[in-house]
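Pasted below: input_33.cif, mmCIF, C-alpha atoms.
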```cif
data_entry
#
loop_
_atom_site.label_atom_id
_atom_site.label_comp_id
_atom_site.auth_asym_id
_atom_site.auth_seq_id
_atom_site.Cartn_x
_atom_site.Cartn_y
_atom_site.Cartn_z
CA MET A 1 66.33 -6.09 51.42
CA THR A 2 64.81 -9.20 52.87
CA VAL A 3 65.47 -9.06 56.61
CA PRO A 4 66.75 -12.35 58.05
CA ILE A 5 64.67 -14.15 60.60
CA ILE A 6 66.43 -13.87 63.96
CA GLN A 7 65.46 -15.61 67.17
CA GLY A 8 63.30 -13.31 69.23
CA TRP A 9 61.97 -11.35 66.24
CA ASN A 10 58.44 -12.72 66.40
CA PRO A 11 55.73 -10.03 66.42
CA ARG A 12 54.53 -9.06 69.87
CA PRO A 13 50.84 -8.26 69.76
CA THR A 14 49.87 -5.32 71.92
CA PRO A 15 46.68 -5.29 73.99
CA PRO A 16 43.71 -3.41 72.60
CA SER A 17 43.28 0.15 73.77
CA ASP A 18 41.19 0.72 76.88
CA ARG A 19 37.51 0.84 76.23
CA GLY A 20 35.69 3.99 77.31
CA GLN A 21 33.21 3.85 80.18
CA PRO A 22 29.53 3.56 79.17
CA ARG A 23 27.66 6.80 79.29
CA ASP A 24 24.99 7.38 81.96
CA LEU A 25 22.32 8.23 79.41
CA SER A 26 18.67 7.29 79.51
CA PHE A 27 17.65 5.69 76.24
CA LEU A 28 14.11 7.04 76.54
CA ALA A 29 15.27 10.57 77.24
CA ALA A 30 17.66 10.41 74.31
CA LEU A 31 14.90 9.16 72.04
CA VAL A 32 12.63 12.01 73.09
CA ARG A 33 15.35 14.55 72.39
CA ALA A 34 15.99 12.96 69.00
CA LEU A 35 12.31 13.16 68.09
CA VAL A 36 12.28 16.82 69.07
CA LEU A 37 15.27 17.42 66.84
CA ARG A 38 13.54 15.58 64.04
CA GLU A 39 10.45 17.78 64.43
CA GLN A 40 12.59 20.89 64.38
CA SER A 41 14.32 19.63 61.28
CA SER A 42 11.04 19.10 59.45
CA ASN A 43 9.84 22.59 60.42
CA THR A 44 13.01 24.25 59.12
CA ALA A 45 13.56 22.31 55.91
CA GLY A 46 16.38 23.69 53.84
CA LEU A 47 18.02 25.48 56.78
CA VAL A 48 21.36 24.31 58.11
CA PRO A 49 22.19 25.09 61.75
CA ALA A 50 25.54 26.84 61.94
CA SER A 51 26.87 24.14 64.25
CA THR A 52 26.41 21.45 61.57
CA GLU A 53 28.22 23.20 58.72
CA MET A 54 31.31 21.34 57.59
CA PRO A 55 33.78 22.27 54.88
CA GLY A 56 33.59 20.22 51.72
CA PRO A 57 36.42 18.18 50.25
CA VAL A 58 39.15 19.61 48.07
CA ARG A 59 40.46 17.91 44.97
CA ALA A 60 43.75 18.32 43.17
CA ALA A 61 44.00 17.96 39.41
CA PRO A 62 46.14 15.06 38.17
CA ALA A 63 49.69 15.61 37.03
CA ALA A 64 50.98 14.11 33.81
CA ALA A 65 54.40 13.88 32.21
CA PRO A 66 55.88 11.54 29.63
CA LEU A 67 58.33 8.91 30.82
CA ASP A 68 61.79 9.67 29.54
CA ARG A 69 62.98 6.33 28.15
CA ALA A 70 65.91 7.67 26.12
CA ALA A 71 68.79 5.44 27.10
CA SER A 72 72.04 7.12 28.00
CA ILE A 73 74.12 4.19 29.08
CA GLY A 74 77.56 5.73 28.91
CA ALA A 75 80.93 4.09 28.70
CA SER A 76 81.14 0.49 29.82
CA ALA A 77 83.43 1.30 32.74
CA GLY A 78 81.93 4.71 33.57
CA ILE A 79 79.31 5.84 36.02
CA GLY A 80 77.28 7.58 33.34
CA SER A 81 75.94 11.10 33.02
CA ILE A 82 72.84 12.07 34.92
CA PRO A 83 69.86 12.62 32.58
CA PRO A 84 67.49 15.51 33.27
CA PRO A 85 64.46 14.56 35.34
CA ALA A 86 61.14 13.95 33.62
CA PRO A 87 59.03 17.14 34.01
CA THR A 88 55.88 16.93 36.08
CA ALA A 89 53.33 19.30 37.56
CA ASP A 90 51.36 19.03 40.75
CA GLY A 91 48.34 20.73 42.23
CA SER A 92 45.42 22.77 40.91
CA PRO A 93 42.87 25.26 42.26
CA GLN A 94 40.90 23.62 45.01
CA ARG A 95 37.13 23.49 45.07
CA ALA A 96 34.91 22.98 48.08
CA SER A 97 31.48 21.44 47.97
CA SER A 98 28.49 23.07 49.64
CA PRO A 99 27.46 21.90 53.08
CA SER A 100 24.18 20.10 53.55
CA ALA A 101 21.90 19.39 56.51
CA PRO A 102 22.19 16.02 58.24
CA PRO A 103 19.17 13.75 57.86
CA PRO A 104 16.89 13.65 60.93
CA LEU A 105 17.90 10.09 61.82
CA ASP A 106 21.48 11.26 62.21
CA ALA A 107 20.28 13.40 65.12
CA LEU A 108 18.97 10.26 66.81
CA GLY A 109 22.38 8.62 66.58
CA SER A 110 24.04 11.76 67.89
CA ALA A 111 21.66 11.99 70.85
CA LEU A 112 22.32 8.36 71.68
CA GLY A 113 26.05 9.01 71.65
CA ILE A 114 26.73 6.57 68.78
CA GLY A 115 27.13 8.94 65.85
CA SER A 116 25.12 8.78 62.65
CA LEU A 117 23.00 5.67 62.25
CA PHE A 118 23.86 5.68 58.58
CA GLU A 119 27.34 7.13 58.78
CA LYS A 120 29.38 7.08 55.58
CA PRO A 121 33.02 8.05 55.19
CA PRO A 122 33.49 11.61 53.92
CA PRO A 123 34.21 12.03 50.22
CA SER A 124 37.88 11.38 49.57
CA ALA A 125 40.21 13.92 48.00
CA PRO A 126 43.70 13.04 46.76
CA ARG A 127 46.41 14.73 48.80
CA PRO A 128 48.65 16.85 46.55
CA LEU A 129 52.37 16.20 46.66
CA THR A 130 52.93 19.54 48.35
CA ALA A 131 50.74 18.47 51.31
CA TYR A 132 52.82 15.43 52.25
CA PRO A 133 55.13 15.97 55.24
CA ARG A 134 58.78 16.72 54.51
CA PRO A 135 61.67 17.23 56.93
CA PRO A 136 63.12 20.72 57.42
CA GLY A 137 65.86 21.56 54.92
CA ASP A 138 65.07 18.34 53.03
CA THR A 139 68.13 17.01 51.20
CA GLY A 140 66.44 13.82 49.98
CA ARG A 141 69.32 11.81 51.45
CA GLY A 142 68.17 8.71 53.27
CA PHE A 143 69.80 5.82 55.11
CA HIS A 144 68.37 2.53 56.26
CA TRP A 145 68.86 2.14 59.99
CA ILE A 146 70.59 -0.87 61.55
CA PRO A 147 68.58 -4.05 60.70
CA THR A 148 67.36 -4.58 64.25
CA LEU A 149 63.99 -4.01 65.95
CA HIS A 150 65.43 -2.01 68.84
CA SER A 151 68.56 0.06 69.44
CA ASP A 152 70.09 1.10 72.74
CA PRO A 153 70.31 4.85 73.41
CA GLY A 154 74.08 4.87 72.97
CA VAL A 155 73.77 3.29 69.53
CA VAL A 156 71.02 5.75 68.62
CA ASP A 157 73.01 8.78 69.71
CA ARG A 158 76.09 7.70 67.82
CA PHE A 159 74.56 6.67 64.51
CA VAL A 160 71.93 9.40 64.27
CA GLY A 161 74.89 11.75 64.65
CA GLU A 162 76.76 9.91 61.89
CA ALA A 163 73.73 10.05 59.59
CA LYS A 164 73.44 13.77 60.24
CA LYS A 165 77.10 14.28 59.26
CA MET A 166 76.33 12.60 55.92
CA GLY A 167 73.41 14.95 55.25
CA ALA A 168 70.54 12.62 56.17
CA SER A 169 67.00 13.96 55.99
CA TRP A 170 65.33 10.52 56.02
CA VAL A 171 65.97 7.33 58.00
CA VAL A 172 64.06 4.05 57.50
CA PHE A 173 63.77 1.80 60.56
CA LEU A 174 62.09 -1.49 61.49
CA ASN A 175 59.32 -1.85 64.05
CA ASP A 176 58.23 -5.21 65.45
CA GLY A 177 54.69 -5.41 64.10
CA SER A 178 52.29 -3.35 66.21
CA ALA A 179 54.60 -3.24 69.25
CA ILE A 180 54.94 0.08 71.06
CA GLY A 181 57.96 1.46 72.87
CA ASP A 182 61.03 -0.20 71.38
CA ASN A 183 61.72 2.66 68.95
CA ASP A 184 60.53 5.65 70.97
CA TYR A 185 64.02 6.94 71.72
CA LEU A 186 65.16 6.46 68.13
CA VAL A 187 62.17 8.35 66.73
CA ARG A 188 62.51 11.21 69.19
CA THR A 189 66.22 11.54 68.43
CA LEU A 190 65.67 11.51 64.66
CA VAL A 191 62.95 14.15 64.86
CA ALA A 192 65.04 16.31 67.19
CA ASN A 193 67.77 16.26 64.53
CA GLY A 194 65.44 17.25 61.69
CA ILE A 195 65.34 13.75 60.16
CA GLU A 196 62.08 12.25 58.89
CA PRO A 197 61.60 8.73 60.31
CA VAL A 198 59.98 6.17 57.99
CA MET A 199 58.67 3.04 59.71
CA ARG A 200 58.72 -0.37 58.06
CA ILE A 201 56.29 -2.55 60.02
CA TYR A 202 58.14 -5.86 60.23
CA THR A 203 56.46 -9.26 60.34
CA PRO A 204 58.31 -12.48 59.42
CA HIS A 205 57.54 -13.79 55.93
CA GLY A 206 54.87 -11.13 55.41
CA GLU A 207 52.59 -12.57 58.09
CA PRO A 208 49.47 -10.44 58.75
CA ILE A 209 50.08 -7.73 61.31
CA THR A 210 48.51 -8.61 64.66
CA GLY A 211 47.64 -6.49 67.66
CA ASP A 212 46.26 -2.96 67.66
CA LEU A 213 47.93 -1.42 64.62
CA THR A 214 45.94 1.82 64.81
CA ARG A 215 47.03 2.35 68.43
CA MET A 216 50.67 1.80 67.48
CA VAL A 217 50.43 4.23 64.57
CA ARG A 218 48.72 6.84 66.69
CA HIS A 219 51.51 6.50 69.28
CA TYR A 220 54.29 7.04 66.75
CA VAL A 221 52.47 9.78 64.84
CA ALA A 222 52.45 11.71 68.13
CA LEU A 223 56.24 11.28 68.26
CA GLY A 224 56.76 12.48 64.67
CA VAL A 225 56.41 9.48 62.33
CA HIS A 226 54.21 10.09 59.27
CA TYR A 227 55.13 7.31 56.86
CA PHE A 228 54.35 3.63 57.61
CA GLN A 229 55.15 0.72 55.28
CA PRO A 230 53.30 -2.55 55.98
CA TYR A 231 54.82 -5.70 54.45
CA ASN A 232 57.99 -5.82 52.41
CA GLU A 233 58.97 -7.22 49.02
CA PRO A 234 55.70 -9.12 48.49
CA ASN A 235 56.86 -10.06 44.98
CA LEU A 236 59.31 -12.54 46.57
CA PRO A 237 58.06 -16.01 47.62
CA GLU A 238 59.89 -15.89 50.97
CA GLU A 239 58.05 -12.68 51.90
CA ASN A 240 54.63 -14.34 51.70
CA PRO A 241 53.06 -16.49 54.45
CA ASP A 242 52.39 -19.41 52.08
CA GLY A 243 55.52 -18.92 49.96
CA GLN A 244 53.42 -17.95 46.95
CA VAL A 245 53.60 -14.57 45.21
CA SER A 246 50.07 -13.27 44.77
CA VAL A 247 48.79 -9.74 44.15
CA SER A 248 45.40 -10.75 45.55
CA SER A 249 46.93 -12.10 48.76
CA TYR A 250 49.06 -8.99 49.19
CA VAL A 251 46.04 -6.72 48.71
CA ASP A 252 44.09 -8.87 51.20
CA ARG A 253 46.69 -7.91 53.81
CA TRP A 254 47.45 -4.39 52.63
CA ILE A 255 43.91 -2.96 52.60
CA PRO A 256 43.11 -3.56 56.30
CA ALA A 257 46.61 -2.45 57.29
CA ALA A 258 46.24 0.74 55.24
CA ARG A 259 42.87 1.48 56.83
CA ALA A 260 44.34 0.98 60.31
CA ILE A 261 47.29 3.24 59.48
CA LEU A 262 45.00 5.98 58.18
CA ALA A 263 42.76 5.63 61.25
CA GLY A 264 45.83 6.27 63.40
CA GLY A 265 46.74 9.39 61.45
CA GLY A 266 49.56 7.86 59.39
CA LEU A 267 50.25 7.56 55.67
CA PRO A 268 50.35 3.99 54.27
CA GLY A 269 53.08 2.91 51.88
CA LEU A 270 52.66 0.54 48.95
CA GLY A 271 55.34 -1.95 48.09
CA GLY A 272 58.90 -1.98 48.99
CA LEU A 273 59.09 -4.32 45.99
CA ALA A 274 62.21 -6.34 45.17
CA PRO A 275 63.99 -5.31 41.96
CA GLY A 276 65.24 -7.92 39.51
CA ALA A 277 62.94 -10.55 41.04
CA PRO A 278 61.34 -13.44 39.11
CA VAL A 279 58.02 -11.58 39.51
CA ASP A 280 58.66 -8.16 37.99
CA ASP A 281 58.15 -5.35 40.47
CA VAL A 282 56.77 -2.82 37.95
CA GLY A 283 54.11 -5.27 36.76
CA PHE A 284 53.32 -6.23 40.35
CA LEU A 285 52.84 -2.56 41.27
CA ARG A 286 50.47 -1.98 38.35
CA SER A 287 48.44 -5.10 39.17
CA THR A 288 48.27 -4.08 42.83
CA ILE A 289 46.82 -0.66 42.04
CA GLU A 290 44.37 -2.23 39.59
CA GLU A 291 43.25 -4.72 42.26
CA ILE A 292 42.80 -1.98 44.86
CA LYS A 293 40.66 -0.08 42.36
CA ARG A 294 38.66 -3.19 41.49
CA ARG A 295 37.83 -3.69 45.17
CA GLY A 296 36.54 -0.13 45.49
CA ALA A 297 39.33 0.92 47.84
CA THR A 298 40.88 3.67 45.70
CA ASP A 299 40.28 6.13 48.53
CA LEU A 300 43.16 4.45 50.41
CA LEU A 301 45.51 5.73 47.72
CA ASP A 302 44.51 9.35 48.26
CA ASN A 303 46.99 9.57 51.16
CA ALA A 304 49.34 6.76 50.16
CA TRP A 305 52.94 6.73 48.97
CA ILE A 306 55.21 4.29 47.11
CA SER A 307 58.13 2.52 48.79
CA MET A 308 60.98 1.85 46.36
CA HIS A 309 64.07 -0.40 46.35
CA ASN A 310 66.16 1.08 43.56
CA TYR A 311 69.42 -0.82 43.84
CA THR A 312 71.83 0.19 41.10
CA PHE A 313 73.36 -3.28 40.72
CA ASN A 314 76.53 -2.69 38.69
CA ARG A 315 74.86 -0.29 36.25
CA PRO A 316 75.55 3.42 35.82
CA ILE A 317 73.24 6.01 37.35
CA ASP A 318 71.72 6.93 33.97
CA TYR A 319 70.84 3.32 33.05
CA GLN A 320 67.36 3.16 31.46
CA ASP A 321 67.22 -0.02 29.37
CA ASP A 322 64.79 -1.39 31.96
CA SER A 323 63.61 -0.42 35.43
CA ASN A 324 66.32 -2.26 37.37
CA GLY A 325 68.59 0.63 38.18
CA PHE A 326 68.73 3.92 40.04
CA LEU A 327 66.04 5.55 37.85
CA LYS A 328 63.39 3.00 38.82
CA PHE A 329 61.24 5.81 40.20
CA ARG A 330 60.49 6.95 36.64
CA TRP A 331 58.92 3.59 35.81
CA TYR A 332 56.94 3.61 39.06
CA ASP A 333 55.67 7.13 38.46
CA GLN A 334 54.53 6.18 34.95
CA VAL A 335 52.49 3.30 36.37
CA VAL A 336 50.92 5.50 39.05
CA ARG A 337 50.00 8.21 36.54
CA ASP A 338 48.57 5.62 34.14
CA GLU A 339 46.37 4.17 36.90
CA LEU A 340 45.49 7.25 38.99
CA GLY A 341 46.10 10.20 36.71
CA ARG A 342 48.52 11.80 39.15
CA SER A 343 51.81 11.17 40.92
CA LEU A 344 52.26 9.76 44.42
CA PRO A 345 55.33 10.40 46.56
CA ILE A 346 58.07 7.84 45.98
CA ILE A 347 60.35 7.24 48.94
CA GLY A 348 63.39 5.04 48.53
CA THR A 349 63.45 2.73 51.55
CA GLU A 350 66.40 0.65 50.31
CA GLY A 351 68.76 1.17 47.42
CA GLY A 352 72.13 2.15 46.07
CA PRO A 353 75.10 -0.01 45.03
CA ARG A 354 76.27 -3.13 46.86
CA LEU A 355 79.74 -4.62 46.86
CA GLY A 356 80.12 -7.56 44.49
CA ASP A 357 77.13 -6.82 42.25
CA ARG A 358 77.77 -7.95 38.67
CA VAL A 359 74.38 -8.69 37.12
CA ASP A 360 75.13 -6.84 33.87
CA PRO A 361 78.19 -8.08 31.93
CA ARG A 362 78.47 -4.75 30.10
CA TYR A 363 79.71 -3.05 33.28
CA PRO A 364 82.43 -3.78 35.82
CA THR A 365 81.74 -5.60 39.06
CA VAL A 366 81.06 -3.24 41.97
CA ASP A 367 84.22 -2.87 43.99
CA GLU A 368 84.76 -0.28 46.71
CA GLN A 369 85.72 2.49 44.32
CA ARG A 370 82.78 1.90 41.98
CA ARG A 371 80.36 1.58 44.91
CA ASP A 372 81.49 4.89 46.31
CA GLU A 373 81.20 6.65 42.95
CA LEU A 374 77.74 5.26 42.27
CA ALA A 375 76.41 6.14 45.74
CA ALA A 376 77.83 9.66 45.59
CA ALA A 377 76.35 10.19 42.11
CA ALA A 378 72.93 9.00 43.31
CA PHE A 379 72.93 11.51 46.15
CA GLN A 380 74.18 14.24 43.83
CA TYR A 381 71.18 13.62 41.56
CA LEU A 382 68.88 14.66 44.41
CA ASP A 383 69.82 18.30 43.92
CA HIS A 384 67.55 18.37 40.84
CA ARG A 385 65.22 15.44 41.51
CA GLU A 386 61.63 15.14 40.35
CA PRO A 387 58.99 16.61 42.69
CA TYR A 388 57.53 13.16 43.40
CA LEU A 389 60.91 11.65 44.40
CA PHE A 390 61.14 12.38 48.10
CA ALA A 391 64.17 10.35 49.13
CA GLN A 392 66.97 8.05 47.98
CA THR A 393 67.96 5.62 50.74
CA GLN A 394 71.30 3.84 50.93
CA TRP A 395 71.32 0.33 52.42
CA VAL A 396 72.60 0.15 55.21
CA LEU A 397 73.89 2.62 57.84
CA ALA A 398 75.50 0.08 60.18
CA ASN A 399 75.18 -3.57 61.13
CA ALA A 400 77.37 -5.35 63.70
CA ALA A 401 78.57 -2.04 65.13
CA GLY A 402 74.98 -1.23 66.04
CA GLY A 403 73.87 -4.66 67.23
CA GLY A 404 72.94 -6.30 63.92
CA ALA A 405 73.09 -10.10 64.22
CA ASP A 406 73.42 -11.22 60.60
CA PRO A 407 77.04 -10.86 59.39
CA SER A 408 75.93 -10.98 55.75
CA TRP A 409 74.97 -7.30 56.00
CA ASP A 410 78.42 -6.21 57.19
CA LYS A 411 79.73 -5.69 53.68
CA ASP A 412 76.87 -3.26 52.97
CA ALA A 413 77.29 -1.22 56.15
CA LEU A 414 78.73 2.28 56.00
CA PHE A 415 80.47 1.56 59.31
CA GLY A 416 82.50 -1.59 59.86
CA PRO A 417 81.90 -4.15 62.61
CA ASP A 418 84.22 -2.21 64.90
CA GLY A 419 82.47 1.09 64.10
CA THR A 420 85.17 2.38 61.74
CA PRO A 421 83.73 4.53 58.93
CA THR A 422 84.17 3.11 55.44
CA PRO A 423 85.61 5.19 52.60
CA LEU A 424 82.01 5.70 51.41
CA ALA A 425 80.98 7.16 54.77
CA ASN A 426 83.93 9.54 54.64
CA LEU A 427 83.10 10.47 51.04
CA LEU A 428 79.46 11.26 51.92
CA ARG A 429 80.63 13.36 54.87
CA THR A 430 82.88 15.33 52.57
CA GLN A 431 80.16 15.66 49.95
CA GLU A 432 77.71 16.98 52.56
CA ALA A 433 80.26 19.41 54.00
CA ALA A 434 80.81 20.87 50.53
CA THR A 435 77.13 21.67 49.97
#
```
As structure tokens, what does this structure read like?
Amino acid sequence: MTVPIIQGWNPRPTPPSDRGQPRDLSFLAALVRALVLREQSSNTAGLVPASTEMPGPVRAAPAAAPLDRAASIGASAGIGSIPPPAPTADGSPQRASSPSAPPPLDALGSALGIGSLFEKPPPSAPRPLTAYPRPPGDTGRGFHWIPTLHSDPGVVDRFVGEAKKMGASWVVFLNDGSAIGDNDYLVRTLVANGIEPVMRIYTPHGEPITGDLTRMVRHYVALGVHYFQPYNEPNLPEENPDGQVSVSSYVDRWIPAARAILAGGGLPGLGGLAPGAPVDDVGFLRSTIEEIKRRGATDLLDNAWISMHNYTFNRPIDYQDDSNGFLKFRWYDQVVRDELGRSLPIIGTEGGPRLGDRVDPRYPTVDEQRRDELAAAAFQYLDHREPYLFAQTQWVLANAAGGGADPSWDKDALFGPDGTPTPLANLLRTQEAAT
């Protein structure tokens, strides 16, 4: 969901991290030591000192499964039956490469305290699905937090508790660019309640993230955040700095952000693409991966994940005529497997039914009853979801009751402006209690 621009929501760059103090090291002495090491290396060719041995990379075999495109639309007024998930496999025996001795010039860099003079990144190995972090007792149920950049402790305590009552294992929240501190209490409270926090790094109109992104990521990784999504709905004109949708421009911004996220110990998310947009999200995703590959940055995808907005509109849960429905993750997974030969985790960061949706004339307009049925069916599907589908996230947990400033989101909130739970919130509580 495109977040409205609110006064005071401009990114706040954070100062760069403190620089370390220069070492008291004589250059000449270091050079002498390096030359000695070089001589020792030449006299013991083929031998590897025990202290230099490093484990080699591990690689997981790609997973493949056909995309189930058999339509099962159901009755025009019904919710539709839930089709079985497309089968997939993940993981393979891991292989480690043999260690090798560092070249003599690397010793010079080490002695000087600057690392290898010709340092290259280690060979990349795709992370298997089973190695991505998951919350304890993962239900796959997710909720988007209040559309604000900061929440008071009282709001946090109340609505984390409400999310927990509805079976939440995932909560998506907004952070103001690379700012540190505004969401510390929220993250700590989510983690303490066994809920996986997913950070969307907010900048207005998709502006490049400023400040020390790596420092921010490192800070929140220490608190328990693993998943970071830079930029949102780049296939919409209003989510681009120049108002133009461009895969190349998006990749220009995504690659440095992904590198900064990885450097901070986080996992970078692709997308958060808008469904039903003039620029098709499935095609945009494919072109994005192709462009990342073309630029030689495929290694960034070895620890990446896909952010998904699978709004149901007014269609049944089993709708498969095109990707614009609940089962969007199947289309995304097909693209990823076509391009990478394996699946990536797909985390819904927005989705579900919204009151008033009526894009498809074959089905009724979404009223309260239909919204509740569709949302409950989507969460029920998670009991037998595909291994790559980590979470389905309902937009939005609360709005005005939690400090949201745009009244247009009130109709989507699970809690009314006065904090009263909607029938959907009560239904999800009951559904969770019955499991």
* Evaluating the PyMOL selection byres ((chain A and resi 251) around 10) on the displayed file yields which residues, as number ranges by chain? -> A: 234, 246-250, 252-258, 270, 287-289, 291-292, 295
* Could you give me, as a list in words, the residues that sit within 6 Å of (72.0, 15.5, 65.2) in the file's coordinates, counting only C-alpha atoms? => Gly161, Lys164 and Asn193 of chain A
* To do: Compile the contact shell of stretch 238-241 of chain A as a list in words: residues with an atom at most 8 Å away, counting all atoms listed in the file, same-chain residues fewer than 6 positions apart removed.
  => Thr2, Pro204, His205, Gly206, Glu207 and Asn232 of chain A
* Would you write out, as JSON, numbers by chain, every residue that the PyMOL selection byres ((chain A and resi 209-225) around 9) captures in this file? => {"A": [11, 12, 13, 14, 15, 16, 17, 177, 178, 179, 180, 181, 183, 184, 187, 188, 190, 191, 196, 197, 198, 199, 201, 202, 203, 206, 207, 208, 226, 227, 228, 230, 231, 253, 257, 259, 260, 261, 262, 263, 264, 265, 266]}
* **Between atom CA of A:Ala274 and atom CA of A:Ala377 - distance in Å to one decimal** =>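 Interatomic distance here is 22.0 Å.
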* Asked: What do you get, as an MDAnalysis selection string, if you spell out every residue that the PyMOL selection byres ((chain A and resi 370) around 12) selects here?
  -> chainID A and resid 77:80 312:317 352:358 363:369 371:377 423:424
* Can you list, as a list in words, every protein, DNA or RNA residue that comes within 9 Å of A:Asp281 when you count all atoms listed in the file, leaving out same-chain residues fewer than 6 positions away? ->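 The contact residues come out as Glu233, Asn235, Gly271, Leu273, Ala274, Pro275 and Ser323 of chain A.
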* Could you check how far atom CA of A:Ala400 sits from atom CA of A:His309, in Å to one decimal? =>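 These two atoms are separated by 22.4 Å.
Taking atom CA of A:Pro417 as the reference point, atom CA of A:Ala398 is found at 8.0 Å.
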* To do: Choose the residue, out of A:Pro278, A:Gly194, A:Gly325, A:Pro147, that has the smallest atom-to-atom separation from A:Asp410; count only C-alpha atoms.
  => A:Pro147
